[in-house]
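Below is one structure, written out as structure tokens, with a few remarks after it.
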Amino acid sequence: MSAAPAGPPAPTPFLTSSPSPYAAPGGQGDRLRAPVGLAIALAVLFSLVIGITAYAVYADWNMRTLMERLLTDPATVTDAELDRGQRLTGLVGTIQGNALIVTAIVFIVWFHRVRTNAEVFAPGADKLSLGWAIGAWFVPFANLWLPYRIAVTTWGSSTPLGADGGYRRFPLTLVNLWWGVFVLSRVLGWFGGMSYGRAQSPDAARDAATTMLVGDALDIVAAILAVLFVRRLTAMQHARAAQGPAAAAV
């Protein structure tokens, strides 16, 4: 096995005027399916999620400020303000949840596709069946680890070969950052929402709003990292597929 080159290649662009490498004839290459369209759709959806979540951060801050004022000087807070704050929090939460559901569906479809391609590039590298690329997201507690495990294996299997045909390594820094921030944001969002729903006092509602605010802020970071992860892995598979069926069978 040859040594890795000094630096990674420039990322392959999403769109190219040349024929799609996923349509390469012969061998195992004809089993590949391009994730490019899904990756573009995800970039759009995640941008939408980021915008909605930014407004959710505002709603969280507004509610936290109202509860803080209610604790320090109740006379300055009107019932109308409280009603607007609660309705804003509920409305933004509903819109945010719906946007996340749509984005999650497209992401899981993309995730399954890149996992399927990875099986062509490196058969048997991941001992989990292809169906786990979907099912892993829905198993309680296991969904905090299994999708990451599949992502790591897919990342390694999709790494383009070097100019001399040797293996080259792409650091897992982006994968690790994305997954770590994503899990933390989900845990904080769940805990904050549950605490807000059970809050019986202004201080409890303030603390819950603070937790939701931090969770939503991390959601934005996670969405940005997710876009980068999707773009990079899609580009890696595009470059690997362009190396032809022989490379896919390595």
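By convention in this document, the chains of the structure tokens carry letters A, B, ... by their order, each chain's residues are numbered from 1, and ligands are numbered from 1 in the order they are shown.
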Contact residues around Val152 (chain A) with only C-alpha atoms at 12 Å, ignoring same-chain residues under 6 positions, as a list in words | Phe111, Val114, Arg115, Ala118, Ala125, Asp126, Ala133, Trp145, Leu146, Ser158, Thr159, Phe170, Pro171, Leu172, Thr173, Leu174, Val175, Asn176, Trp178, Trp179, Phe229 and Leu233 of chain A
Which residues of region 94-134 of chain A sit at most 12 Å from region 186-205 of chain A, using only C-alpha atoms? Give each one's shortest atom pair and distance in Å (one decimal place), in chain and ascending residue order, as JSON lines.
```
{"residue": "A:Thr94", "atom": "CA", "partner": "A:Gly193", "partner_atom": "CA", "distance": 11.8}
{"residue": "A:Gln96", "atom": "CA", "partner": "A:Gly189", "partner_atom": "CA", "distance": 11.6}
{"residue": "A:Gly97", "atom": "CA", "partner": "A:Gly189", "partner_atom": "CA", "distance": 11.0}
{"residue": "A:Leu100", "atom": "CA", "partner": "A:Arg186", "partner_atom": "CA", "distance": 11.4}
```
Go ahead and write the selection's residues with N, CA, C and O atoms as a compact mmCIF listing (two decimals), in the first residue's frame.
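Okay, this is what ended up in again21.txt:
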```txt
# COMPACT_ATOMS: atom_id res chain seq x y z
N THR A 94 -43.51 24.87 16.19
CA THR A 94 -44.25 24.03 15.24
C THR A 94 -43.63 24.10 13.85
O THR A 94 -43.40 23.07 13.19
N GLN A 96 -40.59 25.04 13.07
CA GLN A 96 -39.26 24.46 13.14
C GLN A 96 -39.32 22.93 13.12
O GLN A 96 -38.56 22.27 12.40
N GLY A 97 -40.26 22.37 13.86
CA GLY A 97 -40.40 20.92 13.90
C GLY A 97 -40.76 20.34 12.54
O GLY A 97 -40.19 19.32 12.11
N LEU A 100 -37.75 20.47 10.23
CA LEU A 100 -36.78 19.45 10.60
C LEU A 100 -37.21 18.07 10.13
O LEU A 100 -36.38 17.25 9.72
```
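Going from CA of Ile134 (chain A) to CA of Trp110 (chain A) covers 9.9 Å.
With only C-alpha atoms as the basis for measurement, A:Leu48 is the residue among A:Leu144, A:Leu48, A:Ala239, A:Leu66 that approaches Ile95 (chain A) most closely.
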Give me the residues within 10 Å of Glu119 (chain A) as a list in words, counting only C-alpha atoms and dropping any in the same chain fewer than 3 places off.
-> Arg31, Leu32, Arg113, Val114, Arg115, Thr116, Ala122, Pro123, Gly124, Ala125, Asp126, Ser129, Leu130, Thr153, Thr154, Ser157, Ser158, Ala248 and Ala249 of chain A
What lies within 8 Å of Val106 (chain A) using only C-alpha atoms, ignoring chain neighbours under 3 positions off, as a PyMOL selection string?
-> chain A and resi 38+41-42+102-103+109-110
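When only C-alpha atoms are used to measure the gap to Thr65 (chain A), the shortest distance among A:Arg206, A:Arg169, A:Arg240, A:His112 belongs to A:Arg206.
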At what distance in Å, to one decimal, does CA of Ile105 (chain A) lie from CA of Arg33 (chain A)?
-> 17.9 Å
Enumerate, as a VMD selection string, the complete set of residues in region 102-233 of chain A that a backbone-based DSSP assignment places in helix (DSSP H, G or I).
-> chain A and resid 102 to 121 132 to 138 142 to 144 146 to 157 173 to 198 202 to 233
Shell of 12 Å around Gly51 (chain A), only C-alpha atoms, local chain residues under 3 positions omitted, as a VMD selection string | chain A and resid 44 to 48 54 to 58 92 95 to 96 99 to 100 216 to 217 219 to 221 223 to 224
